[in-house]
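Enquirer: Right, I'll just put the structure down here and ask away after.
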Amino acid sequence: MDLLHRKQSQPLNTFFAQNVEPFQKSSIVLSGGRDEPYHYSLGNQSTVPFVRLQGSGNTQKEFTWGETIEVLPGQNVQVQSASYMPGDIQIQSGKDIANRPKRISIPCKVTPFSQSSYDPNTVVTPVYPCDTRQARAAWLVSNIQLNAKAIPSLTFLGINKQHSWPPDEFSGFTQLTPTGKKYVWDYQFTPGTAYGAIPLGYAAQWNPPNAVMTLTDFVTWSLTVSSETNTSSIYSFFFYTLEY
């Protein structure tokens, strides 16, 4: 066989980019083969659940775990985050599709940040929401210790930006906002209790611990520290943890 026409095998590589901001381009560039397409998939060490390939001519392809995409011969495409939250992107070369993670955890940057417990009446919000598309369950994880008096206020806002929402005749459901593709859920704290993982799903705190949660495209939140002084400890170390 002519060496110039011998079939080219795809190199098996792992590509990794850290701390990619939502909808921003990563440093990863994928190429096609000389004569045949090369195939790639999203690795199970990726904490960005959706990525997009940006090629020439404004061509785009969005994919997630369990999918294989191909890059045509002679083409180069750049990998871009297609998620509402930041994280790491891992791309595996080859047809490695059985790679969906069971769980990911992502540090949640908040504002304001405090080196110690928050002062009374502080309002804490995340810099980025939690991308809950495809997730079976999702939690906000922190270190919240309450005594019998100081009860913070925690409100979750679940928003559908990509997916549809019920028409106006369904807007009267309890705790659903009458306009917009969103719901509001006020988490109910119990005095004298310590909290670690708090479910992000709609009404999830009333469901069994292992139940599937009702989740929108993404969830954001607002935590207001109680006005009581020297009664509770709420620290600025937060995570998003998602189960798939």
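Numbering starts fresh at 1 for the residues of each chain in the structure tokens, the chains themselves are lettered A, B, ... in the order given, and ligands are numbered from 1 as they appear.
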Would you please extract all strand (DSSP E or B) residues from segment 45-215 of chain A, as assigned by DSSP on the backbone, and give them as number ranges by chain?
Expert: A: 51-54, 60-63, 69-71, 76-81, 87-93, 103-108, 110-111, 123-126, 130-131, 137-145, 153-159, 176, 182-187, 194-199
Enquirer: Go through segment 49-129 of chain A and flag each residue having an atom no more than 9 Å from segment 197-219 of chain A; for those, report the closest pair of atoms plus their distance in Å to one decimal, using only C-alpha atoms, ordered by chain and rising number, as CSV.
Expert:
```
residue,atom,partner,partner_atom,distance
A:Tyr84,CA,A:Phe218,CA,7.2
A:Met85,CA,A:Phe218,CA,8.9
A:Pro129,CA,A:Val219,CA,5.5
```
Enquirer: In terms of the shortest atom-to-atom distance over only C-alpha atoms, which of A:Ser117, A:Ser142, A:Gln54, A:Asn160 is closest to Lys182 of chain A?
Expert: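 So, comparing all the options, the nearest one is A:Asn160.
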Enquirer: Within 12 Å of Arg100 of chain A, counting only C-alpha atoms, which residues show up once you throw out same-chain ones fewer than 2 positions away? Write them as a PyMOL selection string, please.
Expert: chain A and resi 41-50+64-67+90+96-98+102-104+134-135+243-244
Enquirer: In Å, with one decimal, what is the gap from atom CA of Ser236 of chain A to atom CA of Tyr118 of chain A?
Expert: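 Taking atom CA of Ser236 of chain A as the start and atom CA of Tyr118 of chain A as the end point, the length is 7.5 Å.
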Enquirer: Would you list the contacts of Ser9 of chain A as a list in words, taking every protein, DNA or RNA residue within 12 Å and counting only C-alpha atoms, but skipping same-chain residues closer than 4 positions in sequence?
Expert: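 After dropping sequence-adjacent residues, the list is Gly32, Gly33, Arg34, Asp35, Glu36, Pro37, Tyr38, His39, Ser93 and Gly94 of chain A.
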Enquirer: Excluding Gly87 of chain A and residues on its chain fewer than 2 positions from it, collect all residues at most 12 Å away from it, counting only C-alpha atoms, and give them as a PyMOL selection string.
Expert: chain A and resi 16-24+26+45-51+80-85+89-90+104-109+128+130-131+239-240
Enquirer: At a cut-off of 6 Å, using only C-alpha atoms, what residues contact segment 221-225 of chain A? Leave out same-chain residues fewer than 6 positions from it and give the result as a VMD selection string.
Expert: chain A and resid 120 to 125 152 to 157
Enquirer: If you keep N, CA and C atoms, can you produce a file of those selected residues as an mmCIF file, in the first residue's frame?
Expert:
```cif
data_model
loop_
_atom_site.group_PDB
_atom_site.id
_atom_site.type_symbol
_atom_site.label_atom_id
_atom_site.label_comp_id
_atom_site.auth_asym_id
_atom_site.auth_seq_id
_atom_site.Cartn_x
_atom_site.Cartn_y
_atom_site.Cartn_z
ATOM 1 N N PRO A 120 -24.743 40.140 60.723
ATOM 2 C CA PRO A 120 -26.207 40.170 60.598
ATOM 3 C C PRO A 120 -26.651 41.057 59.440
ATOM 4 N N ASN A 121 -27.769 40.662 58.823
ATOM 5 C CA ASN A 121 -28.425 41.408 57.738
ATOM 6 C C ASN A 121 -27.648 41.413 56.421
ATOM 7 N N THR A 122 -26.561 40.648 56.333
ATOM 8 C CA THR A 122 -25.826 40.557 55.072
ATOM 9 C C THR A 122 -26.642 39.768 54.045
ATOM 10 N N VAL A 123 -26.671 40.239 52.816
ATOM 11 C CA VAL A 123 -27.344 39.540 51.720
ATOM 12 C C VAL A 123 -26.276 38.907 50.832
ATOM 13 N N VAL A 124 -26.286 37.588 50.747
ATOM 14 C CA VAL A 124 -25.289 36.832 49.995
ATOM 15 C C VAL A 124 -25.927 36.306 48.711
ATOM 16 N N THR A 125 -25.272 36.519 47.578
ATOM 17 C CA THR A 125 -25.767 36.023 46.301
ATOM 18 C C THR A 125 -24.624 35.377 45.521
ATOM 19 N N PRO A 152 -32.052 32.540 59.043
ATOM 20 C CA PRO A 152 -31.799 33.284 57.788
ATOM 21 C C PRO A 152 -32.929 33.075 56.788
ATOM 22 N N SER A 153 -32.910 33.862 55.760
ATOM 23 C CA SER A 153 -33.877 33.739 54.675
ATOM 24 C C SER A 153 -33.137 33.295 53.420
ATOM 25 N N LEU A 154 -33.595 32.200 52.816
ATOM 26 C CA LEU A 154 -32.957 31.660 51.617
ATOM 27 C C LEU A 154 -34.017 31.466 50.542
ATOM 28 N N THR A 155 -33.859 32.159 49.441
ATOM 29 C CA THR A 155 -34.820 32.081 48.341
ATOM 30 C C THR A 155 -34.135 31.547 47.095
ATOM 31 N N PHE A 156 -34.753 30.525 46.482
ATOM 32 C CA PHE A 156 -34.265 29.965 45.227
ATOM 33 C C PHE A 156 -35.120 30.488 44.078
ATOM 34 N N LEU A 157 -34.460 30.822 42.985
ATOM 35 C CA LEU A 157 -35.140 31.273 41.776
ATOM 36 C C LEU A 157 -34.743 30.338 40.645
#
```
